[in-house]
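File shown: model17.cif. Contents: mmCIF, C-alpha atoms.
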data_target
loop_
_atom_site.label_atom_id
_atom_site.label_comp_id
_atom_site.auth_asym_id
_atom_site.auth_seq_id
_atom_site.Cartn_x
_atom_site.Cartn_y
_atom_site.Cartn_z
CA MET A 1 -35.68 -74.63 -16.61
CA THR A 2 -33.23 -77.52 -16.27
CA ASN A 3 -29.48 -77.68 -16.15
CA ASP A 4 -29.14 -80.99 -17.99
CA ASN A 5 -26.86 -79.45 -20.60
CA ALA A 6 -24.59 -77.62 -18.15
CA ALA A 7 -20.93 -78.58 -18.15
CA PRO A 8 -19.97 -80.99 -15.36
CA ALA A 9 -18.17 -79.08 -12.60
CA SER A 10 -15.15 -81.37 -12.59
CA GLY A 11 -14.78 -81.70 -16.33
CA SER A 12 -11.47 -80.39 -17.70
CA ILE A 13 -9.67 -80.67 -21.02
CA MET A 14 -5.98 -80.42 -21.83
CA VAL A 15 -4.88 -78.94 -25.14
CA VAL A 16 -1.25 -79.63 -26.07
CA GLY A 17 0.07 -76.98 -28.45
CA GLY A 18 -0.68 -73.27 -28.57
CA GLY A 19 -0.72 -72.70 -32.31
CA ILE A 20 -3.85 -71.64 -34.19
CA ALA A 21 -5.51 -75.08 -33.82
CA GLY A 22 -4.68 -75.31 -30.12
CA LEU A 23 -5.92 -71.78 -29.44
CA THR A 24 -9.19 -72.50 -31.24
CA THR A 25 -9.72 -75.82 -29.42
CA ALA A 26 -9.02 -74.23 -26.04
CA ILE A 27 -11.22 -71.17 -26.59
CA GLU A 28 -14.15 -73.12 -28.02
CA ALA A 29 -14.15 -75.55 -25.07
CA ALA A 30 -13.68 -72.84 -22.43
CA GLU A 31 -16.37 -70.56 -23.83
CA VAL A 32 -19.02 -73.26 -23.39
CA GLY A 33 -18.03 -73.76 -19.75
CA TYR A 34 -15.13 -76.21 -19.51
CA GLU A 35 -11.86 -75.75 -17.67
CA VAL A 36 -8.94 -75.94 -20.12
CA PHE A 37 -5.21 -76.42 -19.55
CA LEU A 38 -3.28 -75.10 -22.56
CA VAL A 39 0.28 -76.46 -22.73
CA GLU A 40 2.85 -74.90 -25.11
CA LYS A 41 6.57 -75.75 -25.44
CA ASN A 42 7.55 -72.25 -26.66
CA PRO A 43 7.60 -69.21 -24.35
CA TYR A 44 4.71 -67.75 -26.38
CA LEU A 45 1.40 -68.74 -27.99
CA GLY A 46 0.61 -68.43 -31.69
CA GLY A 47 2.68 -71.22 -33.22
CA ARG A 48 3.61 -71.05 -36.90
CA VAL A 49 0.93 -68.45 -37.69
CA ALA A 50 2.81 -65.97 -35.48
CA GLN A 51 5.82 -66.35 -37.78
CA LEU A 52 3.91 -65.49 -40.95
CA ASN A 53 3.89 -62.10 -42.64
CA GLN A 54 0.37 -62.60 -44.01
CA TYR A 55 -1.98 -65.54 -44.16
CA PHE A 56 -4.90 -66.72 -46.26
CA PRO A 57 -7.63 -66.08 -47.16
CA LYS A 58 -7.56 -62.31 -46.58
CA LEU A 59 -3.77 -61.89 -46.64
CA CYS A 60 -3.86 -60.10 -43.32
CA PRO A 61 -1.00 -60.10 -40.77
CA PRO A 62 -1.16 -62.67 -37.95
CA THR A 63 -1.91 -59.90 -35.44
CA CYS A 64 -5.33 -59.74 -37.11
CA GLY A 65 -6.35 -63.25 -36.00
CA LEU A 66 -4.12 -63.83 -32.99
CA GLU A 67 -4.91 -60.61 -31.15
CA ILE A 68 -8.60 -61.46 -30.71
CA ASN A 69 -7.70 -65.01 -29.62
CA PHE A 70 -5.19 -63.73 -27.06
CA ARG A 71 -7.84 -61.33 -25.75
CA ARG A 72 -10.37 -64.18 -25.42
CA ILE A 73 -7.82 -66.27 -23.49
CA LYS A 74 -6.87 -63.38 -21.24
CA ASP A 75 -10.51 -62.65 -20.44
CA ASN A 76 -11.46 -66.27 -19.76
CA PRO A 77 -10.63 -67.52 -16.24
CA ARG A 78 -11.36 -71.09 -17.33
CA ILE A 79 -8.17 -71.23 -19.48
CA LYS A 80 -4.90 -71.86 -17.64
CA VAL A 81 -1.87 -71.35 -19.89
CA PHE A 82 1.46 -73.15 -19.35
CA THR A 83 4.28 -71.92 -21.61
CA LEU A 84 7.77 -73.44 -21.86
CA ALA A 85 5.96 -76.63 -20.93
CA GLU A 86 5.86 -80.18 -22.24
CA VAL A 87 3.82 -83.26 -21.47
CA GLU A 88 6.03 -85.94 -19.93
CA LYS A 89 3.50 -88.66 -19.13
CA VAL A 90 -0.19 -89.49 -19.49
CA ALA A 91 -1.77 -92.05 -17.16
CA GLY A 92 -5.37 -93.26 -16.87
CA GLY A 93 -8.05 -93.43 -19.52
CA PRO A 94 -10.86 -91.45 -21.18
CA GLY A 95 -12.66 -89.25 -18.67
CA ALA A 96 -9.96 -89.74 -16.01
CA TYR A 97 -6.40 -88.97 -17.13
CA THR A 98 -3.53 -87.70 -14.99
CA VAL A 99 -1.10 -85.72 -17.12
CA SER A 100 2.39 -84.84 -15.90
CA VAL A 101 3.54 -81.52 -17.34
CA LYS A 102 7.12 -80.28 -16.99
CA ILE A 103 7.37 -76.47 -16.88
CA ASN A 104 10.79 -75.10 -17.77
CA PRO A 105 12.06 -71.84 -16.21
CA ARG A 106 11.46 -68.53 -17.98
CA TYR A 107 13.59 -66.78 -15.33
CA VAL A 108 11.00 -63.99 -15.45
CA ASN A 109 7.98 -63.86 -13.15
CA GLU A 110 4.53 -62.25 -13.21
CA ASN A 111 5.96 -58.83 -12.26
CA CYS A 112 7.26 -58.27 -15.83
CA THR A 113 5.87 -55.13 -17.46
CA CYS A 114 7.66 -55.60 -20.83
CA CYS A 115 9.66 -52.40 -20.22
CA GLY A 116 12.74 -53.85 -21.97
CA ASP A 117 15.32 -52.72 -19.39
CA CYS A 118 16.59 -56.31 -19.11
CA ALA A 119 17.32 -56.50 -22.85
CA ALA A 120 19.05 -53.09 -22.76
CA ALA A 121 21.35 -54.32 -19.97
CA CYS A 122 22.16 -57.62 -21.72
CA GLN A 123 25.26 -57.76 -23.95
CA ILE A 124 25.24 -61.45 -24.90
CA GLU A 125 23.37 -62.28 -28.11
CA VAL A 126 21.88 -65.67 -28.98
CA SER A 127 20.51 -67.08 -32.23
CA ASP A 128 16.97 -65.84 -32.91
CA GLU A 129 14.96 -69.04 -33.42
CA PHE A 130 11.77 -67.14 -34.17
CA ASN A 131 13.57 -65.71 -37.24
CA PHE A 132 15.07 -69.11 -38.16
CA GLY A 133 18.55 -68.03 -37.08
CA MET A 134 18.78 -65.26 -39.69
CA CYS A 135 19.70 -62.78 -36.95
CA LYS A 136 20.63 -62.60 -33.30
CA THR A 137 18.59 -61.50 -30.32
CA LYS A 138 19.59 -60.43 -26.83
CA GLY A 139 19.89 -63.10 -24.14
CA ALA A 140 16.96 -61.33 -22.45
CA TYR A 141 14.25 -60.95 -25.07
CA LEU A 142 10.61 -60.68 -26.02
CA PRO A 143 10.05 -63.51 -28.56
CA PHE A 144 8.20 -61.15 -30.95
CA GLU A 145 6.43 -57.82 -30.82
CA MET A 146 2.98 -58.99 -29.78
CA ALA A 147 4.07 -62.09 -27.87
CA PHE A 148 1.54 -63.57 -25.45
CA PRO A 149 2.08 -63.92 -22.55
CA ALA A 150 3.55 -60.40 -22.72
CA LYS A 151 6.63 -61.27 -20.69
CA PHE A 152 10.33 -61.27 -21.49
CA VAL A 153 12.36 -64.49 -21.45
CA ILE A 154 15.90 -64.99 -20.17
CA SER A 155 17.81 -67.46 -22.34
CA PRO A 156 19.27 -70.40 -20.37
CA GLN A 157 22.50 -69.66 -22.29
CA ILE A 158 23.19 -66.56 -20.18
CA ILE A 159 22.35 -68.10 -16.78
CA GLY A 160 25.48 -68.05 -14.60
CA THR A 161 27.14 -65.21 -16.53
CA ASP A 162 27.84 -61.61 -15.51
CA ASP A 163 25.19 -60.58 -18.03
CA ALA A 164 22.54 -62.48 -16.07
CA THR A 165 23.45 -60.48 -12.96
CA LYS A 166 23.30 -57.21 -14.93
CA VAL A 167 19.89 -58.19 -16.28
CA LYS A 168 18.58 -58.88 -12.78
CA GLU A 169 19.99 -55.59 -11.44
CA ALA A 170 18.45 -53.63 -14.35
CA CYS A 171 14.89 -54.79 -13.52
CA LYS A 172 13.21 -52.32 -11.19
CA TYR A 173 10.11 -54.51 -10.85
CA ASP A 174 11.95 -57.52 -9.36
CA ALA A 175 10.68 -59.60 -12.29
CA VAL A 176 13.95 -61.46 -12.99
CA ASP A 177 14.36 -64.66 -10.97
CA LEU A 178 17.63 -66.39 -11.82
CA GLU A 179 16.97 -69.14 -9.25
CA MET A 180 13.86 -70.37 -11.05
CA GLN A 181 13.87 -74.15 -11.51
CA ALA A 182 12.01 -76.58 -13.73
CA LYS A 183 8.99 -78.12 -12.02
CA THR A 184 6.50 -80.86 -12.81
CA VAL A 185 2.77 -80.63 -12.12
CA ASP A 186 0.18 -83.41 -12.32
CA LEU A 187 -3.15 -82.32 -13.77
CA PRO A 188 -6.41 -84.34 -13.74
CA VAL A 189 -8.23 -84.06 -17.08
CA GLY A 190 -11.03 -85.90 -18.83
CA ALA A 191 -9.74 -85.51 -22.39
CA VAL A 192 -6.54 -84.49 -24.18
CA VAL A 193 -6.37 -82.77 -27.57
CA TRP A 194 -2.96 -82.90 -29.25
CA ALA A 195 -2.61 -79.76 -31.39
CA THR A 196 1.13 -80.26 -31.77
CA GLY A 197 1.29 -78.74 -35.24
CA TRP A 198 4.02 -78.94 -37.80
CA GLU A 199 7.58 -77.95 -38.55
CA PRO A 200 9.21 -77.08 -41.86
CA TYR A 201 10.95 -80.05 -43.43
CA ASP A 202 14.71 -79.74 -42.90
CA ALA A 203 15.99 -78.34 -46.21
CA HIS A 204 19.59 -79.37 -45.33
CA ARG A 205 18.49 -82.95 -46.05
CA ILE A 206 17.67 -82.21 -49.72
CA ASP A 207 21.23 -82.53 -51.04
CA ASN A 208 20.57 -81.46 -54.64
CA LEU A 209 18.95 -78.11 -53.76
CA GLY A 210 21.90 -76.41 -52.11
CA PHE A 211 20.37 -75.14 -48.87
CA GLY A 212 23.11 -74.44 -46.34
CA GLN A 213 25.72 -74.57 -49.11
CA TYR A 214 24.80 -71.37 -50.96
CA ASP A 215 23.96 -68.12 -49.16
CA ASN A 216 21.16 -67.01 -51.47
CA ILE A 217 19.02 -70.12 -51.15
CA ILE A 218 16.40 -69.76 -48.42
CA THR A 219 13.19 -71.54 -47.43
CA ASN A 220 9.60 -70.37 -47.76
CA MET A 221 9.27 -69.79 -44.00
CA MET A 222 12.49 -67.74 -43.98
CA LEU A 223 10.96 -65.57 -46.71
CA GLU A 224 7.89 -65.03 -44.51
CA ARG A 225 10.16 -63.60 -41.81
CA LEU A 226 12.10 -61.44 -44.31
CA ALA A 227 8.81 -60.00 -45.56
CA SER A 228 7.53 -59.27 -42.06
CA LYS A 229 8.00 -55.80 -40.59
CA THR A 230 8.93 -57.51 -37.31
CA GLY A 231 11.48 -59.74 -39.09
CA PRO A 232 15.28 -59.54 -39.28
CA THR A 233 15.23 -56.92 -42.10
CA GLN A 234 12.14 -54.98 -40.95
CA GLY A 235 10.19 -56.30 -43.90
CA LYS A 236 12.70 -55.69 -46.69
CA ILE A 237 13.18 -58.78 -48.86
CA VAL A 238 16.91 -58.90 -49.57
CA ARG A 239 19.56 -61.43 -50.57
CA PRO A 240 21.27 -62.87 -47.49
CA SER A 241 24.75 -62.64 -49.07
CA ASP A 242 24.86 -58.86 -49.60
CA ASP A 243 21.47 -57.38 -48.54
CA LYS A 244 20.80 -56.51 -52.18
CA ALA A 245 17.26 -56.21 -53.54
CA PRO A 246 16.92 -59.28 -55.80
CA GLU A 247 16.18 -58.57 -59.46
CA SER A 248 15.15 -62.19 -60.05
CA VAL A 249 13.88 -64.93 -57.75
CA ALA A 250 13.19 -68.63 -58.41
CA PHE A 251 10.72 -70.65 -56.37
CA VAL A 252 11.38 -74.37 -56.21
CA GLN A 253 8.08 -76.14 -55.50
CA CYS A 254 7.81 -79.51 -53.76
CA ALA A 255 11.27 -79.11 -52.20
CA GLY A 256 11.40 -82.49 -50.50
CA SER A 257 7.65 -83.09 -50.93
CA ARG A 258 6.03 -85.70 -53.17
CA ASP A 259 9.39 -87.45 -52.99
CA GLU A 260 9.78 -90.98 -51.64
CA ASN A 261 13.22 -90.04 -50.25
CA HIS A 262 11.78 -87.22 -48.13
CA LEU A 263 8.06 -86.44 -47.71
CA PRO A 264 5.98 -88.68 -50.00
CA TYR A 265 2.86 -86.50 -49.68
CA CYS A 266 1.72 -83.08 -50.91
CA SER A 267 1.76 -80.45 -48.15
CA TYR A 268 -1.43 -78.81 -49.47
CA ILE A 269 -0.53 -75.14 -48.97
CA CYS A 270 3.01 -74.76 -50.44
CA CYS A 271 1.83 -73.78 -53.93
CA MET A 272 -0.44 -71.11 -52.50
CA ALA A 273 2.34 -69.93 -50.19
CA SER A 274 4.70 -69.40 -53.14
CA LEU A 275 2.02 -67.55 -55.11
CA LYS A 276 1.53 -65.36 -52.04
CA HIS A 277 5.31 -64.86 -51.80
CA ALA A 278 5.31 -63.71 -55.41
CA THR A 279 2.93 -60.93 -54.35
CA TYR A 280 5.30 -59.92 -51.53
CA ILE A 281 8.18 -59.59 -53.97
CA ARG A 282 6.20 -57.90 -56.73
CA GLU A 283 4.82 -55.29 -54.30
CA GLN A 284 8.30 -54.37 -53.12
CA TYR A 285 10.05 -54.66 -56.48
CA PRO A 286 7.76 -54.01 -59.48
CA ASP A 287 10.48 -54.98 -61.99
CA THR A 288 11.75 -58.15 -60.34
CA LYS A 289 11.20 -61.36 -62.30
CA VAL A 290 9.73 -64.30 -60.40
CA TYR A 291 10.11 -67.85 -61.75
CA ILE A 292 8.01 -70.61 -60.18
CA PHE A 293 9.10 -74.17 -61.02
CA TYR A 294 6.32 -76.63 -60.19
CA ILE A 295 5.12 -80.21 -60.69
CA ASP A 296 1.44 -79.22 -60.49
CA ILE A 297 -0.05 -76.03 -59.11
CA ARG A 298 -2.50 -77.10 -56.44
CA SER A 299 -4.93 -74.33 -55.56
CA PRO A 300 -7.74 -76.08 -53.68
CA GLY A 301 -11.11 -74.36 -53.78
CA ASP A 302 -12.70 -71.47 -55.64
CA ARG A 303 -11.01 -68.70 -53.66
CA TYR A 304 -7.50 -70.09 -54.10
CA GLU A 305 -8.11 -70.79 -57.79
CA LYS A 306 -9.08 -67.14 -58.31
CA PHE A 307 -5.92 -66.05 -56.50
CA TYR A 308 -3.85 -68.32 -58.77
CA ASN A 309 -5.51 -66.93 -61.90
CA LYS A 310 -4.82 -63.38 -60.77
CA ILE A 311 -1.11 -64.13 -60.22
CA LYS A 312 -0.90 -65.70 -63.71
CA GLU A 313 -1.88 -62.37 -65.26
CA ASP A 314 1.33 -60.77 -63.95
CA GLN A 315 3.83 -60.77 -66.82
CA ASN A 316 6.76 -60.74 -64.41
CA VAL A 317 5.66 -64.00 -62.80
CA ILE A 318 6.75 -66.91 -65.00
CA LEU A 319 5.31 -70.34 -64.17
CA ILE A 320 7.37 -73.28 -65.46
CA LYS A 321 6.05 -76.84 -65.23
CA GLY A 322 9.18 -78.76 -64.35
CA LYS A 323 10.79 -80.28 -61.25
CA VAL A 324 14.12 -78.71 -60.33
CA ALA A 325 16.87 -81.32 -60.53
CA GLU A 326 19.84 -79.34 -59.29
CA VAL A 327 21.15 -75.90 -58.41
CA SER A 328 24.57 -74.29 -58.55
CA GLU A 329 26.20 -71.02 -57.51
CA ASP A 330 28.45 -68.55 -59.31
CA PRO A 331 31.08 -67.88 -56.60
CA ALA A 332 31.76 -64.37 -57.96
CA THR A 333 28.20 -63.03 -58.03
CA LYS A 334 26.62 -65.50 -55.59
CA ASN A 335 23.84 -65.90 -58.18
CA ILE A 336 22.00 -69.22 -58.32
CA THR A 337 21.38 -71.29 -61.45
CA VAL A 338 18.38 -73.59 -61.30
CA VAL A 339 18.26 -76.58 -63.65
CA ALA A 340 14.94 -78.19 -64.63
CA GLU A 341 13.31 -79.93 -67.55
CA ASN A 342 10.24 -78.16 -68.90
CA ALA A 343 7.57 -80.89 -68.78
CA VAL A 344 5.57 -79.18 -71.55
CA THR A 345 8.28 -78.47 -74.15
CA GLY A 346 10.84 -81.06 -73.08
CA GLU A 347 13.67 -78.50 -73.14
CA LYS A 348 16.27 -78.36 -70.38
CA ILE A 349 16.21 -75.00 -68.63
CA HIS A 350 19.15 -73.31 -66.93
CA GLN A 351 17.66 -70.26 -65.20
CA THR A 352 20.05 -67.94 -63.36
CA VAL A 353 18.51 -65.84 -60.58
CA GLU A 354 19.78 -63.69 -57.74
CA MET A 355 17.92 -65.66 -55.07
CA ALA A 356 16.11 -68.99 -54.80
CA VAL A 357 13.34 -70.00 -52.38
CA LEU A 358 12.68 -73.63 -51.52
CA ALA A 359 9.02 -74.42 -50.89
CA THR A 360 9.64 -76.98 -48.17
CA GLY A 361 6.74 -79.04 -46.93
CA MET A 362 4.96 -79.49 -43.60
CA GLN A 363 6.16 -82.29 -41.37
CA PRO A 364 4.13 -83.15 -38.27
CA THR A 365 5.98 -82.39 -35.04
CA ALA A 366 5.21 -85.96 -33.95
CA ALA A 367 7.40 -87.28 -36.79
CA ASN A 368 10.54 -85.99 -35.06
CA THR A 369 9.43 -85.81 -31.42
CA LYS A 370 7.99 -88.86 -29.69
CA LEU A 371 4.89 -87.71 -27.81
CA PRO A 372 3.39 -89.68 -24.88
CA ALA A 373 0.06 -89.93 -26.65
CA ASP A 374 -2.11 -93.03 -26.88
CA LEU A 375 -2.81 -92.28 -30.53
CA GLN A 376 -1.86 -94.02 -33.72
CA THR A 377 0.23 -92.28 -36.34
CA ASN A 378 0.53 -93.07 -40.01
CA ASP A 379 3.91 -93.71 -41.67
CA ASP A 380 4.47 -89.97 -42.05
CA GLY A 381 3.89 -89.15 -38.39
CA PHE A 382 0.38 -87.66 -38.66
CA PHE A 383 -2.02 -88.73 -35.91
CA ILE A 384 -5.01 -90.94 -36.74
CA ASN A 385 -8.02 -90.23 -34.55
CA ASP A 386 -9.94 -93.16 -33.07
CA PHE A 387 -13.30 -91.58 -32.25
CA ALA A 388 -14.81 -94.83 -30.95
CA LYS A 389 -12.11 -95.07 -28.29
CA GLY A 390 -12.39 -91.39 -27.34
CA GLY A 391 -10.49 -89.48 -24.68
CA MET A 392 -7.52 -88.47 -26.83
CA PHE A 393 -7.74 -86.61 -30.12
CA ALA A 394 -5.45 -84.73 -32.47
CA SER A 395 -6.37 -81.52 -34.26
CA GLY A 396 -5.06 -79.21 -36.98
CA CYS A 397 -1.79 -79.99 -38.76
CA ALA A 398 -1.05 -82.81 -36.30
CA THR A 399 -3.52 -84.84 -38.40
CA LYS A 400 -2.74 -83.65 -41.94
CA PRO A 401 -1.24 -80.68 -43.83
CA ALA A 402 -3.76 -77.84 -43.74
CA ASP A 403 -4.25 -74.10 -44.05
CA VAL A 404 -5.46 -71.86 -41.22
CA ILE A 405 -9.16 -72.12 -42.14
CA SER A 406 -9.10 -75.94 -42.27
CA SER A 407 -7.12 -76.11 -39.02
CA ASN A 408 -9.65 -73.91 -37.25
CA GLN A 409 -12.61 -75.90 -38.53
CA ASN A 410 -10.96 -79.14 -37.46
CA ALA A 411 -10.04 -77.70 -34.06
CA THR A 412 -13.64 -76.72 -33.38
CA GLY A 413 -14.70 -80.29 -34.15
CA MET A 414 -12.04 -81.71 -31.80
CA ALA A 415 -13.17 -79.39 -28.99
CA LEU A 416 -16.63 -80.93 -29.41
CA LYS A 417 -15.18 -84.48 -29.39
CA ALA A 418 -13.30 -83.71 -26.16
CA ILE A 419 -16.49 -82.33 -24.60
CA GLN A 420 -18.41 -85.46 -25.65
CA THR A 421 -15.85 -87.58 -23.75
CA LEU A 422 -16.57 -85.60 -20.57
CA VAL A 423 -20.34 -85.68 -21.02
CA LYS A 424 -20.25 -89.50 -21.36
CA ARG A 425 -18.41 -89.91 -18.04
#
What's the structure tokens form of this structure?
Amino acid sequence: MTNDNAAPASGSIMVVGGGIAGLTTAIEAAEVGYEVFLVEKNPYLGGRVAQLNQYFPKLCPPTCGLEINFRRIKDNPRIKVFTLAEVEKVAGGPGAYTVSVKINPRYVNENCTCCGDCAAACQIEVSDEFNFGMCKTKGAYLPFEMAFPAKFVISPQIIGTDDATKVKEACKYDAVDLEMQAKTVDLPVGAVVWATGWEPYDAHRIDNLGFGQYDNIITNMMLERLASKTGPTQGKIVRPSDDKAPESVAFVQCAGSRDENHLPYCSYICCMASLKHATYIREQYPDTKVYIFYIDIRSPGDRYEKFYNKIKEDQNVILIKGKVAEVSEDPATKNITVVAENAVTGEKIHQTVEMAVLATGMQPTAANTKLPADLQTNDDGFFINDFAKGGMFASGCATKPADVISSNQNATGMALKAIQTLVKR
């Protein structure tokens, strides 16, 4: 028996981003014997998938896929997780990088048992970013119910206040450390995989669609949080203006996508997301009318096409081929009127609904945040992998808009590419 295929003892890989692609890359590399440093800017792992109510193809909650991944990370001593962390600098080359990682203070140490006494003692509330600012959370908080690492976070906004002192005094495990400081560590790695993911396109920038001007216009990701039992309304889909169950909802497809003024490309999954959202609404409100205004319905693959055909059979889901040109609000009722031209009949449609949902597209994080990566990006900010050069790779939605399945498949491939860099050393 030979050990020719054994992992080199010094070989390590850094994965930047702890969303579904980053988790997959890290786990795949670690489970074949490599040391992995997983760096995530949020205080938790799970990325955008953690914010979903359900995801394709099985329409199961994120706990379904994330829980097993968190367990695999917890059980694998080869994976070292850094949360609230960001890469500041990368020096060296393939097979021999030194990466400087800044770790920001959580103000909570390893003693945390998730008892919640700190949150109970805290009076100050801060905007809940996990729920897209639709509600507040305590200044001492658990990011979401099944957050991993399972540790509370103290918001920097309460540091130096009386509340911070109360929070510290309330913890009987001595887990609150208000003196915690940011620190930088230098890590030697052979390869870096950038799984930096995506962010929803800023709907405030789409002037004609009224987001931020009218209360009852929300985005597709906000609807995911409304539909989630761990969301701001415990899973009840209601109008933001008055918490009323909407009797009619309009979905505006390609909100900012396929538009030279915003995102020129198709974000791949938005059509399917809106069809899925229609199922959320129809399950809660059997009589609610759902209007979906689209340019083209893009349902890639046999499984998605079948899902689309099934939704079409619902008489309360009305699909209208037409790009929404403008929206307006009735100040008295807060109802929204959507204006579009029906591309099939040519008629101009004025559809009044009680709530409108903008299907905003995926924008790569790298489009808005300059990353210290020796990788090319295209004009839209997606990374372009240079496999001949090796050493640094991007995976998942950092390379193109994708669904969870595609991201996972791509991430597995990038784990292999990173391993190949180490083997060639």
| query | In Å, with one decimal, what is the gap from CA of Met134 in chain A to CA of Gly46 in chain A? | reply | 20.1 Å
| task | Run the PyMOL selection byres ((chain A and resi 149) around 9) on the file and write out the hits as a list in words. | result |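 That expression, the PyMOL selection byres ((chain A and resi 149) around 9), corresponds here to Pro43, Tyr44, Leu45, Phe70, Val81, Thr83, Met146, Ala147, Phe148, Ala150, Lys151 and Phe152 of chain A.
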Which residues come within 6 Å of Ser267 in chain A, counting all atoms listed in the file, excluding same-chain residues fewer than 2 positions away, as a PDB file with C-alpha atoms, in the coordinates of the input?
ATOM      1  CA  ILE A 269      -0.530 -75.140 -48.970  1.00  0.00           C
ATOM      2  CA  GLY A 361       6.740 -79.040 -46.930  1.00  0.00           C
ATOM      3  CA  MET A 362       4.960 -79.490 -43.600  1.00  0.00           C
ATOM      4  CA  PRO A 401      -1.240 -80.680 -43.830  1.00  0.00           C
TER       5      PRO A 401
END
| query | In terms of the shortest atom-to-atom distance over all atoms listed in the file, which of A:Glu40, A:Leu178, A:Lys168, A:Ala411 is closest to Tyr107 in chain A? | reply | A:Leu178
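Distances here use all atoms listed in the file; by that measure, the residue among A:Lys417, A:His350, A:Arg78, A:Arg71 closest to Ile336 in chain A is A:His350.
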| Which of these residues is nearest to Gly33 in chain A, using all atoms listed in the file: A:Ala50, A:Ile419, A:Val290, A:Ala191? | A:Ile419
| query | Distance CA of Phe393 in chain A-CA of Pro57 in chain A, one decimal place? | reply |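 Atom-to-atom, CA of Phe393 in chain A and CA of Pro57 in chain A are spaced 26.7 Å apart.
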